[in-house]
Amino acid sequence: MAEDSRYIRQTMLPQIGEKGQKKLAQSKVAVVGCGGLGAPVLTYLALAGVGNIRMIDDDTVNLTNLNRQFFYTESDIYQEKCKKTADFLQERNTKLTIEPFCERLTDKNVRRLLAGVDVIVDCVDRIETRKHVGRAACGFRIPFVEGGVHGFYGYVLPVLPGESACLECMAMGTIEEKPPIPALGAVAGVIGSLQAVECIKILLGLSHVMYGKMLQYDGLYGEFTEIPVHIRADCDCQKFNKIVNDESHMQ
Ligand SMILES: [Zn+2]
C-alpha cells in the first residue's frame, strides 16, 4: 500500500482530512515522562503522525515498571527509558522526528527542552517535576495536558495558560505522595489515551478541548465525573512575566 494510505482511517474524518493531517505532521509536542501515562500518549501521538515528538525522562527501566509501561521488555531492565521509547516509536513510524532527552526537567534546562513546542503533555509522577512542567508551560504560554493516576483513579486536565485553570489553581498537587504510588496499567491506559485525544484536538485547532474541566475517572466504579475548575487570580499560572522574564528567546 502507498505510504499516504497510512492515515486514511483518520483523514476520512471531516475534523482531520488532508489538511489536518498536514497540521499534525508539522506539529511539535513534548511529552514529559516515558512511564505509565507516557506509553499510551507517545504511542497514539506517533501513530497519528505527529511529526516531531520530544520526550524527556531521566529514568531507567526496572521490573516494577512492567505492569503498565508497555514500551519495555524484561531484557530492557537498567536501560534508559528515553532511548528505548524512541526506538519503539521510530519502528512504528519511521517518518517522524523523535527526540529523546534522557534528563530530568529542571529550572536550568526547561527553556531548552520545552520552549517552542506546540503542546506539552505532562506524564510525570513526581510533584516537583509536575510543577516545573506546569509553570514552564504557563511561562511560555504553551497549552498543556495534565494527567495523573492513583490506583483505579485517574484524571485529565488540559490547560490553556491565561485562559483556563491549572492544577495549582485548584491547589491540587500540593501534597507529596510517598512513592511507590499504586497504579493499574489499564487505568494509566485510559488516562493516557484521553490525554492523547486532547493533545491531538489542540494541535488540530478543534473546539471542545476540555479546558476548564477536569475529567476524573473512577475505574473501580466505572464512572467518569466532570469537575469545573476556575482560575485563581493569584496563581503562578497567571503571572507569565514572573515565570519567564525574557520571552525574546522563545521560538
Ligand atoms: Zn493556575
# chains A, B, ... in the order shown; residues from 1 in each chain; ligands from 1
$ residues_near_ligand --ligand "ligand 1" --cutoff "12 Å" --atoms "only C-alpha atoms and all ligand atoms" --output "ChimeraX atom specification"
/A:131,134-139,157-173,212,229-240
$ write_last_selection --atoms "N, CA, C and O atoms" --output "compact mmCIF listing (two decimals), in the first residue's frame"
# COMPACT_ATOMS: atom_id res chain seq x y z
N LYS A 131 5.28 20.43 38.81
CA LYS A 131 5.26 21.89 38.98
C LYS A 131 6.13 22.58 37.94
O LYS A 131 5.75 23.62 37.38
N GLY A 134 4.17 22.55 34.65
CA GLY A 134 3.05 23.48 34.64
C GLY A 134 3.51 24.92 34.57
O GLY A 134 3.01 25.72 33.79
N ARG A 135 4.50 25.24 35.40
CA ARG A 135 4.96 26.63 35.44
C ARG A 135 5.66 27.03 34.14
O ARG A 135 5.50 28.15 33.65
N ALA A 136 6.45 26.09 33.61
CA ALA A 136 7.13 26.40 32.34
C ALA A 136 6.12 26.59 31.23
O ALA A 136 6.19 27.54 30.45
N ALA A 137 5.15 25.69 31.17
CA ALA A 137 4.13 25.77 30.11
C ALA A 137 3.39 27.11 30.21
O ALA A 137 3.15 27.77 29.20
N CYS A 138 3.05 27.51 31.45
CA CYS A 138 2.37 28.80 31.63
C CYS A 138 3.30 29.94 31.24
O CYS A 138 2.90 30.90 30.59
N GLY A 139 4.57 29.83 31.65
CA GLY A 139 5.55 30.87 31.34
C GLY A 139 5.73 31.05 29.84
O GLY A 139 5.82 32.17 29.34
N LEU A 157 -6.64 16.98 32.70
CA LEU A 157 -6.98 18.41 32.69
C LEU A 157 -6.12 19.13 31.66
O LEU A 157 -4.93 19.35 31.88
N PRO A 158 -6.71 19.50 30.53
CA PRO A 158 -5.96 20.34 29.59
C PRO A 158 -5.98 21.80 30.09
O PRO A 158 -6.98 22.23 30.65
N VAL A 159 -4.87 22.50 29.88
CA VAL A 159 -4.76 23.87 30.38
C VAL A 159 -4.32 24.80 29.25
O VAL A 159 -3.34 24.51 28.55
N LEU A 160 -5.06 25.90 29.10
CA LEU A 160 -4.65 26.96 28.17
C LEU A 160 -4.20 28.14 29.04
O LEU A 160 -5.04 28.82 29.63
N PRO A 161 -2.89 28.34 29.15
CA PRO A 161 -2.38 29.36 30.09
C PRO A 161 -3.03 30.73 29.88
O PRO A 161 -3.14 31.21 28.76
N GLY A 162 -3.46 31.31 31.00
CA GLY A 162 -4.09 32.62 30.95
C GLY A 162 -5.58 32.56 30.65
O GLY A 162 -6.31 33.52 30.85
N GLU A 163 -6.03 31.40 30.18
CA GLU A 163 -7.43 31.28 29.78
C GLU A 163 -8.19 30.24 30.61
O GLU A 163 -9.40 30.32 30.75
N SER A 164 -7.47 29.23 31.09
CA SER A 164 -8.17 28.20 31.87
C SER A 164 -7.31 27.77 33.05
O SER A 164 -6.10 27.98 33.06
N ALA A 165 -7.96 27.16 34.04
CA ALA A 165 -7.29 26.85 35.30
C ALA A 165 -6.29 25.71 35.18
O ALA A 165 -6.43 24.82 34.34
N CYS A 166 -5.26 25.80 36.03
CA CYS A 166 -4.26 24.73 36.11
C CYS A 166 -4.45 23.96 37.43
O CYS A 166 -5.30 24.32 38.25
N LEU A 167 -3.64 22.94 37.64
CA LEU A 167 -3.76 22.16 38.89
C LEU A 167 -3.49 23.01 40.12
O LEU A 167 -4.12 22.84 41.15
N GLU A 168 -2.55 23.94 39.98
CA GLU A 168 -2.21 24.77 41.14
C GLU A 168 -3.33 25.77 41.46
O GLU A 168 -3.49 26.17 42.61
N CYS A 169 -4.13 26.15 40.46
CA CYS A 169 -5.30 27.00 40.71
C CYS A 169 -6.23 26.30 41.69
O CYS A 169 -6.87 26.92 42.52
N MET A 170 -6.33 24.98 41.55
CA MET A 170 -7.25 24.24 42.43
C MET A 170 -6.50 23.62 43.61
O MET A 170 -7.00 22.73 44.28
N ALA A 171 -5.28 24.14 43.87
CA ALA A 171 -4.46 23.70 45.00
C ALA A 171 -4.23 22.20 44.98
O ALA A 171 -4.02 21.58 46.02
N MET A 172 -4.28 21.62 43.80
CA MET A 172 -4.03 20.19 43.71
C MET A 172 -2.54 19.99 43.45
O MET A 172 -1.90 20.79 42.80
N GLY A 173 -2.02 18.95 43.95
CA GLY A 173 -0.61 18.70 43.73
C GLY A 173 0.25 19.35 44.78
O GLY A 173 1.44 19.53 44.60
N GLY A 212 -10.74 24.04 31.38
CA GLY A 212 -11.63 24.45 32.47
C GLY A 212 -12.44 23.31 33.06
O GLY A 212 -13.28 23.53 33.93
N VAL A 229 -13.27 23.68 36.78
CA VAL A 229 -12.17 24.27 37.56
C VAL A 229 -12.02 25.73 37.16
O VAL A 229 -12.19 26.10 35.99
N HIS A 230 -11.72 26.56 38.16
CA HIS A 230 -11.70 28.01 37.91
C HIS A 230 -10.32 28.60 38.19
O HIS A 230 -9.63 28.17 39.12
N ILE A 231 -9.98 29.59 37.38
CA ILE A 231 -8.69 30.26 37.54
C ILE A 231 -8.63 30.95 38.90
O ILE A 231 -9.60 31.59 39.32
N ARG A 232 -7.53 30.78 39.59
CA ARG A 232 -7.29 31.52 40.83
C ARG A 232 -6.38 32.69 40.46
O ARG A 232 -5.28 32.49 39.93
N ALA A 233 -6.86 33.90 40.73
CA ALA A 233 -6.18 35.10 40.22
C ALA A 233 -4.73 35.21 40.68
O ALA A 233 -3.88 35.70 39.95
N ASP A 234 -4.44 34.71 41.90
CA ASP A 234 -3.07 34.84 42.40
C ASP A 234 -2.21 33.60 42.10
O ASP A 234 -1.12 33.44 42.63
N CYS A 235 -2.72 32.72 41.25
CA CYS A 235 -1.93 31.52 40.90
C CYS A 235 -0.75 31.92 40.00
O CYS A 235 -0.86 32.86 39.20
N ASP A 236 0.35 31.20 40.15
CA ASP A 236 1.53 31.48 39.32
C ASP A 236 1.22 31.39 37.82
O ASP A 236 1.89 32.02 37.01
N CYS A 237 0.23 30.60 37.47
CA CYS A 237 -0.06 30.44 36.03
C CYS A 237 -0.58 31.74 35.41
O CYS A 237 -0.61 31.88 34.20
N GLN A 238 -0.96 32.69 36.27
CA GLN A 238 -1.44 33.98 35.77
C GLN A 238 -0.34 35.04 35.74
O GLN A 238 -0.57 36.18 35.39
N LYS A 239 0.87 34.64 36.18
CA LYS A 239 1.96 35.61 36.27
C LYS A 239 3.06 35.26 35.27
O LYS A 239 4.14 34.85 35.65
N PHE A 240 2.72 35.41 34.02
CA PHE A 240 3.66 34.96 32.97
C PHE A 240 5.04 35.56 33.12
O PHE A 240 6.05 34.89 33.04
$ residues_around --residues "Glu198 (chain A)" --least-positions-apart "4" --cutoff "10 Å" --atoms "only C-alpha atoms" --output "PyMOL selection string"
chain A and resi 121+144-145+156-158+192-194+202-204+206+208-211
$ residues_around --residues "region 55-62 of chain A" --least-positions-apart "4" --cutoff "9 Å" --atoms "only C-alpha atoms" --output "mmCIF file with N, CA and C atoms, in the first residue's frame"
data_model
loop_
_atom_site.group_PDB
_atom_site.id
_atom_site.type_symbol
_atom_site.label_atom_id
_atom_site.label_comp_id
_atom_site.auth_asym_id
_atom_site.auth_seq_id
_atom_site.Cartn_x
_atom_site.Cartn_y
_atom_site.Cartn_z
ATOM 1 N N VAL A 29 5.433 18.261 19.672
ATOM 2 C CA VAL A 29 4.881 18.017 21.003
ATOM 3 C C VAL A 29 6.006 17.534 21.926
ATOM 4 N N ALA A 30 5.988 18.022 23.161
ATOM 5 C CA ALA A 30 6.915 17.498 24.176
ATOM 6 C C ALA A 30 6.115 16.671 25.171
ATOM 7 N N VAL A 31 6.573 15.461 25.401
ATOM 8 C CA VAL A 31 5.941 14.603 26.395
ATOM 9 C C VAL A 31 6.945 14.416 27.525
ATOM 10 N N VAL A 32 6.550 14.842 28.731
ATOM 11 C CA VAL A 32 7.461 14.733 29.862
ATOM 12 C C VAL A 32 7.081 13.480 30.645
ATOM 13 N N GLY A 33 7.985 12.494 30.627
ATOM 14 C CA GLY A 33 7.725 11.228 31.307
ATOM 15 C C GLY A 33 7.425 10.111 30.319
ATOM 16 N N CYS A 34 8.226 9.049 30.374
ATOM 17 C CA CYS A 34 8.030 7.895 29.477
ATOM 18 C C CYS A 34 7.557 6.693 30.287
ATOM 19 N N GLY A 35 6.634 6.919 31.221
ATOM 20 C CA GLY A 35 6.160 5.840 32.089
ATOM 21 C C GLY A 35 4.782 5.346 31.694
ATOM 22 N N GLY A 38 2.982 8.085 29.773
ATOM 23 C CA GLY A 38 3.754 8.400 28.565
ATOM 24 C C GLY A 38 3.608 7.316 27.500
ATOM 25 N N LEU A 42 2.507 8.729 24.026
ATOM 26 C CA LEU A 42 3.510 8.750 22.954
ATOM 27 C C LEU A 42 3.117 7.818 21.812
ATOM 28 N N LEU A 66 6.951 -2.781 34.720
ATOM 29 C CA LEU A 66 6.430 -3.610 33.632
ATOM 30 C C LEU A 66 4.954 -3.978 33.771
ATOM 31 N N TYR A 72 8.624 -1.434 27.354
ATOM 32 C CA TYR A 72 9.825 -2.117 27.820
ATOM 33 C C TYR A 72 9.614 -3.610 28.017
ATOM 34 N N THR A 73 10.710 -4.343 27.797
ATOM 35 C CA THR A 73 10.682 -5.785 27.995
ATOM 36 C C THR A 73 11.585 -6.130 29.179
ATOM 37 N N GLU A 74 11.550 -7.374 29.594
ATOM 38 C CA GLU A 74 12.386 -7.794 30.723
ATOM 39 C C GLU A 74 13.867 -7.572 30.422
ATOM 40 N N ASP A 76 15.106 -5.120 28.967
ATOM 41 C CA ASP A 76 15.433 -3.685 28.973
ATOM 42 C C ASP A 76 15.775 -3.153 30.364
ATOM 43 N N ILE A 77 15.670 -3.986 31.368
ATOM 44 C CA ILE A 77 15.886 -3.507 32.735
ATOM 45 C C ILE A 77 17.286 -2.886 32.872
ATOM 46 N N TYR A 78 17.323 -1.737 33.535
ATOM 47 C CA TYR A 78 18.503 -0.874 33.727
ATOM 48 C C TYR A 78 18.850 -0.045 32.493
ATOM 49 N N GLN A 79 18.115 -0.209 31.407
ATOM 50 C CA GLN A 79 18.363 0.618 30.214
ATOM 51 C C GLN A 79 17.659 1.967 30.372
ATOM 52 N N GLU A 80 18.135 2.957 29.635
ATOM 53 C CA GLU A 80 17.495 4.274 29.684
ATOM 54 C C GLU A 80 16.132 4.220 28.983
ATOM 55 N N LYS A 81 15.118 4.673 29.708
ATOM 56 C CA LYS A 81 13.748 4.610 29.174
ATOM 57 C C LYS A 81 13.598 5.408 27.882
ATOM 58 N N CYS A 82 14.205 6.586 27.914
ATOM 59 C CA CYS A 82 14.043 7.507 26.812
ATOM 60 C C CYS A 82 14.481 6.904 25.474
ATOM 61 N N THR A 85 12.183 4.020 24.422
ATOM 62 C CA THR A 85 10.917 4.579 23.936
ATOM 63 C C THR A 85 11.072 5.116 22.522
ATOM 64 N N ALA A 86 12.168 5.830 22.299
ATOM 65 C CA ALA A 86 12.410 6.389 20.964
ATOM 66 C C ALA A 86 12.471 5.271 19.922
ATOM 67 N N ILE A 98 11.871 11.921 16.138
ATOM 68 C CA ILE A 98 11.709 11.565 17.547
ATOM 69 C C ILE A 98 12.964 12.033 18.276
ATOM 70 N N GLU A 99 12.769 12.862 19.286
ATOM 71 C CA GLU A 99 13.923 13.410 20.006
ATOM 72 C C GLU A 99 13.919 12.963 21.469
ATOM 73 N N PRO A 100 14.768 12.005 21.825
ATOM 74 C CA PRO A 100 14.835 11.603 23.229
ATOM 75 C C PRO A 100 15.805 12.473 24.030
ATOM 76 N N PHE A 101 15.357 12.958 25.173
ATOM 77 C CA PHE A 101 16.233 13.691 26.083
ATOM 78 C C PHE A 101 16.251 12.949 27.409
ATOM 79 N N CYS A 102 17.365 12.245 27.667
ATOM 80 C CA CYS A 102 17.452 11.412 28.870
ATOM 81 C C CYS A 102 17.904 12.271 30.041
ATOM 82 N N GLU A 103 17.101 13.235 30.420
ATOM 83 C CA GLU A 103 17.454 14.115 31.531
ATOM 84 C C GLU A 103 16.198 14.509 32.293
ATOM 85 N N ARG A 104 16.382 14.887 33.550
ATOM 86 C CA ARG A 104 15.244 15.325 34.358
ATOM 87 C C ARG A 104 14.991 16.804 34.116
ATOM 88 N N LEU A 105 13.731 17.162 34.006
ATOM 89 C CA LEU A 105 13.379 18.556 33.769
ATOM 90 C C LEU A 105 13.689 19.392 35.014
ATOM 91 N N LEU A 113 14.354 22.557 26.650
ATOM 92 C CA LEU A 113 13.574 21.355 26.363
ATOM 93 C C LEU A 113 12.126 21.645 25.963
ATOM 94 N N VAL A 124 4.167 12.893 34.251
ATOM 95 C CA VAL A 124 5.135 12.624 35.321
ATOM 96 C C VAL A 124 4.417 12.136 36.577
#
$ closest_residue --among "A:Gly185, A:Asn93, A:Phe71, A:Arg54" --to "Leu114 (chain A)" --atoms "only C-alpha atoms"
A:Arg54
$ residues_around --residues "Gln21 (chain A)" --least-positions-apart "5" --cutoff "10 Å" --atoms "only C-alpha atoms" --output "ChimeraX atom specification"
/A:7-8,10-11,15-16,26-27,48-51,204
$ closest_residue --among "A:Arg6, A:Gly154, A:His132, A:Leu47" --to "Glu223 (chain A)" --atoms "only C-alpha atoms"
A:Gly154
$ residues_around --residues "region 214-222 of chain A" --least-positions-apart "2" --cutoff "6 Å" --atoms "only C-alpha atoms" --output "ChimeraX atom specification"
/A:152-157,224-227
$ write_last_selection --atoms "N, CA and C atoms" --output "mmCIF file, in the first residue's frame"
data_model
loop_
_atom_site.group_PDB
_atom_site.id
_atom_site.type_symbol
_atom_site.label_atom_id
_atom_site.label_comp_id
_atom_site.auth_asym_id
_atom_site.auth_seq_id
_atom_site.Cartn_x
_atom_site.Cartn_y
_atom_site.Cartn_z
ATOM 1 N N PHE A 152 -6.978 2.813 40.946
ATOM 2 C CA PHE A 152 -8.073 2.721 39.979
ATOM 3 C C PHE A 152 -8.544 4.104 39.516
ATOM 4 N N TYR A 153 -7.978 5.158 40.136
ATOM 5 C CA TYR A 153 -8.446 6.524 39.877
ATOM 6 C C TYR A 153 -7.482 7.257 38.935
ATOM 7 N N GLY A 154 -8.035 8.139 38.125
ATOM 8 C CA GLY A 154 -7.187 8.979 37.286
ATOM 9 C C GLY A 154 -7.916 10.246 36.875
ATOM 10 N N TYR A 155 -7.165 11.229 36.376
ATOM 11 C CA TYR A 155 -7.793 12.480 35.921
ATOM 12 C C TYR A 155 -7.035 13.040 34.720
ATOM 13 N N VAL A 156 -7.735 13.887 33.994
ATOM 14 C CA VAL A 156 -7.145 14.604 32.857
ATOM 15 C C VAL A 156 -7.568 16.068 32.962
ATOM 16 N N LEU A 157 -6.636 16.976 32.704
ATOM 17 C CA LEU A 157 -6.982 18.407 32.693
ATOM 18 C C LEU A 157 -6.121 19.134 31.660
ATOM 19 N N PHE A 224 -17.142 8.212 35.100
ATOM 20 C CA PHE A 224 -16.452 9.450 34.726
ATOM 21 C C PHE A 224 -17.190 10.618 35.367
ATOM 22 N N THR A 225 -16.443 11.568 35.925
ATOM 23 C CA THR A 225 -17.060 12.758 36.515
ATOM 24 C C THR A 225 -16.332 13.982 35.983
ATOM 25 N N GLU A 226 -17.111 14.992 35.593
ATOM 26 C CA GLU A 226 -16.520 16.216 35.069
ATOM 27 C C GLU A 226 -16.615 17.292 36.143
ATOM 28 N N ILE A 227 -15.478 17.880 36.488
ATOM 29 C CA ILE A 227 -15.475 18.902 37.541
ATOM 30 C C ILE A 227 -15.024 20.234 36.937
#
$ atom_distance --atom1 "CA of Arg126 (chain A)" --atom2 "CA of Val110 (chain A)"
15.7 Å
$ atom_distance --atom1 "CA of Ala188 (chain A)" --atom2 "CA of Thr94 (chain A)"
25.9 Å
$ select_by_dssp --residues "region 44-204 of chain A" --states "strand (DSSP E)" --output "CSV table (one decimal) with all heavy atoms, in the first residue's frame"
chain,number,residue,atom,x,y,z
A,52,ASN,N,6.8,15.8,15.0
A,52,ASN,CA,8.0,16.0,15.9
A,52,ASN,C,7.7,15.7,17.3
A,52,ASN,O,6.9,16.4,17.9
A,52,ASN,CB,8.5,17.4,15.7
A,52,ASN,CG,9.9,17.5,16.2
A,52,ASN,OD1,10.2,17.2,17.4
A,52,ASN,ND2,10.8,18.1,15.4
A,53,ILE,N,8.2,14.6,17.9
A,53,ILE,CA,7.9,14.3,19.2
A,53,ILE,C,9.2,14.3,20.1
A,53,ILE,O,10.2,13.6,19.7
A,53,ILE,CB,7.2,12.9,19.3
A,53,ILE,CG1,5.9,12.9,18.5
A,53,ILE,CG2,7.0,12.5,20.7
A,53,ILE,CD1,5.3,11.6,18.4
A,54,ARG,N,9.1,15.1,21.1
A,54,ARG,CA,10.2,15.2,22.0
A,54,ARG,C,9.9,14.6,23.3
A,54,ARG,O,8.8,14.8,23.8
A,54,ARG,CB,10.4,16.7,22.2
A,54,ARG,CG,11.6,17.1,23.0
A,54,ARG,CD,11.7,18.6,23.0
A,54,ARG,NE,12.1,19.2,21.7
A,54,ARG,CZ,12.5,20.4,21.6
A,54,ARG,NH1,12.5,21.2,22.6
A,54,ARG,NH2,13.0,20.8,20.4
A,55,MET,N,10.7,13.7,23.8
A,55,MET,CA,10.4,13.0,25.1
A,55,MET,C,11.5,13.3,26.1
A,55,MET,O,12.7,13.3,25.8
A,55,MET,CB,10.1,11.6,24.9
A,55,MET,CG,11.4,10.8,24.5
A,55,MET,SD,11.0,9.3,23.7
A,55,MET,CE,10.4,9.8,22.2
A,56,ILE,N,11.1,13.5,27.3
A,56,ILE,CA,12.0,13.9,28.4
A,56,ILE,C,11.8,12.9,29.6
A,56,ILE,O,10.7,12.9,30.2
A,56,ILE,CB,11.8,15.3,28.8
A,56,ILE,CG1,11.9,16.3,27.6
A,56,ILE,CG2,12.7,15.7,30.0
A,56,ILE,CD1,10.9,17.3,27.5
A,97,THR,N,10.1,12.7,13.4
A,97,THR,CA,11.4,13.1,14.1
A,97,THR,C,11.1,12.9,15.6
A,97,THR,O,10.2,13.5,16.2
A,97,THR,CB,11.7,14.6,13.8
A,97,THR,OG1,11.8,14.8,12.4
A,97,THR,CG2,12.9,15.0,14.5
A,98,ILE,N,11.9,11.9,16.1
A,98,ILE,CA,11.7,11.6,17.5
A,98,ILE,C,13.0,12.0,18.3
A,98,ILE,O,14.1,11.7,17.9
A,98,ILE,CB,11.6,10.0,17.7
A,98,ILE,CG1,10.5,9.5,16.8
A,98,ILE,CG2,11.4,9.7,19.2
A,98,ILE,CD1,9.1,9.6,17.3
A,99,GLU,N,12.8,12.9,19.3
A,99,GLU,CA,13.9,13.4,20.0
A,99,GLU,C,13.9,13.0,21.5
A,99,GLU,O,13.1,13.5,22.3
A,99,GLU,CB,13.9,14.9,20.0
A,99,GLU,CG,13.9,15.6,18.6
A,99,GLU,CD,13.9,17.1,18.7
A,99,GLU,OE1,12.8,17.6,19.1
A,99,GLU,OE2,14.9,17.7,18.5
A,100,PRO,N,14.8,12.0,21.8
A,100,PRO,CA,14.8,11.6,23.2
A,100,PRO,C,15.8,12.5,24.0
A,100,PRO,O,16.9,12.7,23.6
A,100,PRO,CB,15.4,10.2,23.2
A,100,PRO,CG,16.1,10.1,21.8
A,100,PRO,CD,15.6,11.2,20.9
A,101,PHE,N,15.4,13.0,25.2
A,101,PHE,CA,16.2,13.7,26.1
A,101,PHE,C,16.3,12.9,27.4
A,101,PHE,O,15.3,13.0,28.2
A,101,PHE,CB,15.7,15.1,26.3
A,101,PHE,CG,15.9,16.0,25.1
A,101,PHE,CD1,14.9,16.1,24.1
A,101,PHE,CD2,17.1,16.7,24.8
A,101,PHE,CE1,15.0,16.8,23.0
A,101,PHE,CE2,17.2,17.5,23.7
A,101,PHE,CZ,16.2,17.5,22.8
A,119,VAL,N,2.5,21.8,22.0
A,119,VAL,CA,1.7,21.3,23.1
A,119,VAL,C,2.7,20.5,24.0
A,119,VAL,O,3.6,19.9,23.5
A,119,VAL,CB,0.6,20.4,22.7
A,119,VAL,CG1,-0.2,19.9,23.9
A,119,VAL,CG2,-0.4,21.1,21.8
A,120,ILE,N,2.5,20.6,25.3
A,120,ILE,CA,3.2,19.8,26.3
A,120,ILE,C,2.3,18.8,26.9
A,120,ILE,O,1.1,19.2,27.3
A,120,ILE,CB,3.9,20.7,27.4
A,120,ILE,CG1,4.9,21.7,26.7
A,120,ILE,CG2,4.6,19.8,28.4
A,120,ILE,CD1,5.3,22.8,27.7
A,121,VAL,N,2.6,17.6,27.0
A,121,VAL,CA,1.8,16.6,27.7
A,121,VAL,C,2.6,16.1,28.9
A,121,VAL,O,3.7,15.6,28.9
A,121,VAL,CB,1.4,15.4,26.8
A,121,VAL,CG1,0.4,14.5,27.5
A,121,VAL,CG2,0.9,15.8,25.5
A,122,ASP,N,1.9,16.3,30.1
A,122,ASP,CA,2.6,16.1,31.4
A,122,ASP,C,2.2,14.7,31.8
A,122,ASP,O,1.1,14.4,32.2
A,122,ASP,CB,2.0,17.1,32.4
A,122,ASP,CG,2.8,17.1,33.7
A,122,ASP,OD1,3.7,16.3,33.9
A,122,ASP,OD2,2.6,18.1,34.5
A,144,PHE,N,-1.1,22.8,27.7
A,144,PHE,CA,-0.5,21.6,28.1
A,144,PHE,C,-1.7,20.7,28.7
A,144,PHE,O,-2.7,21.2,29.0
A,144,PHE,CB,0.6,21.8,29.2
A,144,PHE,CG,0.2,22.5,30.4
A,144,PHE,CD1,0.2,21.8,31.7
A,144,PHE,CD2,0.0,23.9,30.4
A,144,PHE,CE1,-0.1,22.5,32.8
A,144,PHE,CE2,-0.4,24.5,31.6
A,144,PHE,CZ,-0.4,23.8,32.8
A,145,VAL,N,-1.4,19.4,28.7
A,145,VAL,CA,-2.4,18.4,29.1
A,145,VAL,C,-1.9,17.7,30.3
A,145,VAL,O,-0.9,16.9,30.2
A,145,VAL,CB,-2.8,17.5,28.0
A,145,VAL,CG1,-3.9,16.6,28.4
A,145,VAL,CG2,-3.1,18.2,26.7
A,146,GLU,N,-2.5,17.9,31.5
A,146,GLU,CA,-2.2,17.2,32.7
A,146,GLU,C,-2.9,15.9,32.7
A,146,GLU,O,-4.0,15.7,32.2
A,146,GLU,CB,-2.6,18.0,33.9
A,146,GLU,CG,-1.9,19.3,34.1
A,146,GLU,CD,-0.6,19.2,34.8
A,146,GLU,OE1,0.0,18.1,34.9
A,146,GLU,OE2,0.0,20.2,35.3
A,147,GLY,N,-2.2,14.9,33.4
A,147,GLY,CA,-2.9,13.6,33.6
A,147,GLY,C,-2.2,13.0,34.8
A,147,GLY,O,-1.0,13.2,35.1
A,148,GLY,N,-3.0,12.3,35.6
A,148,GLY,CA,-2.5,11.6,36.8
A,148,GLY,C,-3.2,10.3,37.1
A,148,GLY,O,-4.4,10.2,36.7
A,149,VAL,N,-2.6,9.4,37.7
A,149,VAL,CA,-3.2,8.1,38.1
A,149,VAL,C,-2.9,7.7,39.5
A,149,VAL,O,-1.7,8.0,40.0
A,149,VAL,CB,-2.7,7.0,37.1
A,149,VAL,CG1,-3.1,5.6,37.6
A,149,VAL,CG2,-3.2,7.2,35.7
A,150,HIS,N,-3.8,7.2,40.2
A,150,HIS,CA,-3.6,6.7,41.5
A,150,HIS,C,-4.5,5.4,41.7
A,150,HIS,O,-5.7,5.6,41.8
A,150,HIS,CB,-3.9,7.7,42.6
A,150,HIS,CG,-3.5,7.2,44.0
A,150,HIS,ND1,-2.6,7.9,44.8
A,150,HIS,CD2,-3.9,6.1,44.7
A,150,HIS,CE1,-2.5,7.2,45.9
A,150,HIS,NE2,-3.2,6.1,45.9
A,153,TYR,N,-8.0,5.2,40.1
A,153,TYR,CA,-8.4,6.5,39.9
A,153,TYR,C,-7.5,7.3,38.9
A,153,TYR,O,-6.3,7.0,39.0
A,153,TYR,CB,-8.5,7.3,41.2
A,153,TYR,CG,-8.6,8.8,41.1
A,153,TYR,CD1,-9.9,9.4,40.8
A,153,TYR,CD2,-7.5,9.6,41.1
A,153,TYR,CE1,-10.0,10.8,40.7
A,153,TYR,CE2,-7.6,11.0,40.9
A,153,TYR,CZ,-8.8,11.5,40.7
A,153,TYR,OH,-8.9,12.9,40.5
A,154,GLY,N,-8.0,8.1,38.1
A,154,GLY,CA,-7.2,9.0,37.3
A,154,GLY,C,-7.9,10.2,36.9
A,154,GLY,O,-9.1,10.4,37.0
A,155,TYR,N,-7.2,11.2,36.4
A,155,TYR,CA,-7.8,12.5,35.9
A,155,TYR,C,-7.0,13.0,34.7
A,155,TYR,O,-5.9,12.7,34.5
A,155,TYR,CB,-7.8,13.5,37.1
A,155,TYR,CG,-6.4,14.0,37.4
A,155,TYR,CD1,-5.8,15.0,36.7
A,155,TYR,CD2,-5.7,13.4,38.5
A,155,TYR,CE1,-4.5,15.5,37.0
A,155,TYR,CE2,-4.4,13.8,38.8
A,155,TYR,CZ,-3.9,14.9,38.1
A,155,TYR,OH,-2.6,15.3,38.4
A,156,VAL,N,-7.7,13.9,34.0
A,156,VAL,CA,-7.1,14.6,32.9
A,156,VAL,C,-7.6,16.1,33.0
A,156,VAL,O,-8.7,16.4,33.3
A,156,VAL,CB,-7.7,14.1,31.5
A,156,VAL,CG1,-7.0,14.8,30.3
A,156,VAL,CG2,-7.4,12.6,31.4
A,157,LEU,N,-6.6,17.0,32.7
A,157,LEU,CA,-7.0,18.4,32.7
A,157,LEU,C,-6.1,19.1,31.7
A,157,LEU,O,-4.9,19.3,31.9
A,157,LEU,CB,-6.8,19.0,34.1
A,157,LEU,CG,-7.0,20.6,34.2
A,157,LEU,CD1,-8.5,20.9,34.0
A,157,LEU,CD2,-6.5,21.1,35.5
A,158,PRO,N,-6.7,19.5,30.5
A,158,PRO,CA,-6.0,20.3,29.6
A,158,PRO,C,-6.0,21.8,30.1
A,158,PRO,O,-7.0,22.2,30.7
A,158,PRO,CB,-6.7,20.2,28.3
A,158,PRO,CG,-7.9,19.4,28.6
A,158,PRO,CD,-8.1,19.2,30.0
A,159,VAL,N,-4.9,22.5,29.9
A,159,VAL,CA,-4.8,23.9,30.4
A,159,VAL,C,-4.3,24.8,29.2
A,159,VAL,O,-3.3,24.5,28.5
A,159,VAL,CB,-3.7,24.0,31.5
A,159,VAL,CG1,-3.6,25.4,32.1
A,159,VAL,CG2,-4.1,23.0,32.7
$ closest_residue --among "A:Arg141, A:Arg68, A:Lys83, A:Lys201" --to "Val117 (chain A)" --atoms "only C-alpha atoms"
A:Arg141
$ atom_distance --atom1 "CA of Cys123 (chain A)" --atom2 "CA of Leu89 (chain A)"
16.6 Å
$ closest_residue --among "A:Asn67, A:Ser75, A:Asn109, A:Gln90" --to "Gly189 (chain A)" --atoms "only C-alpha atoms"
A:Asn67
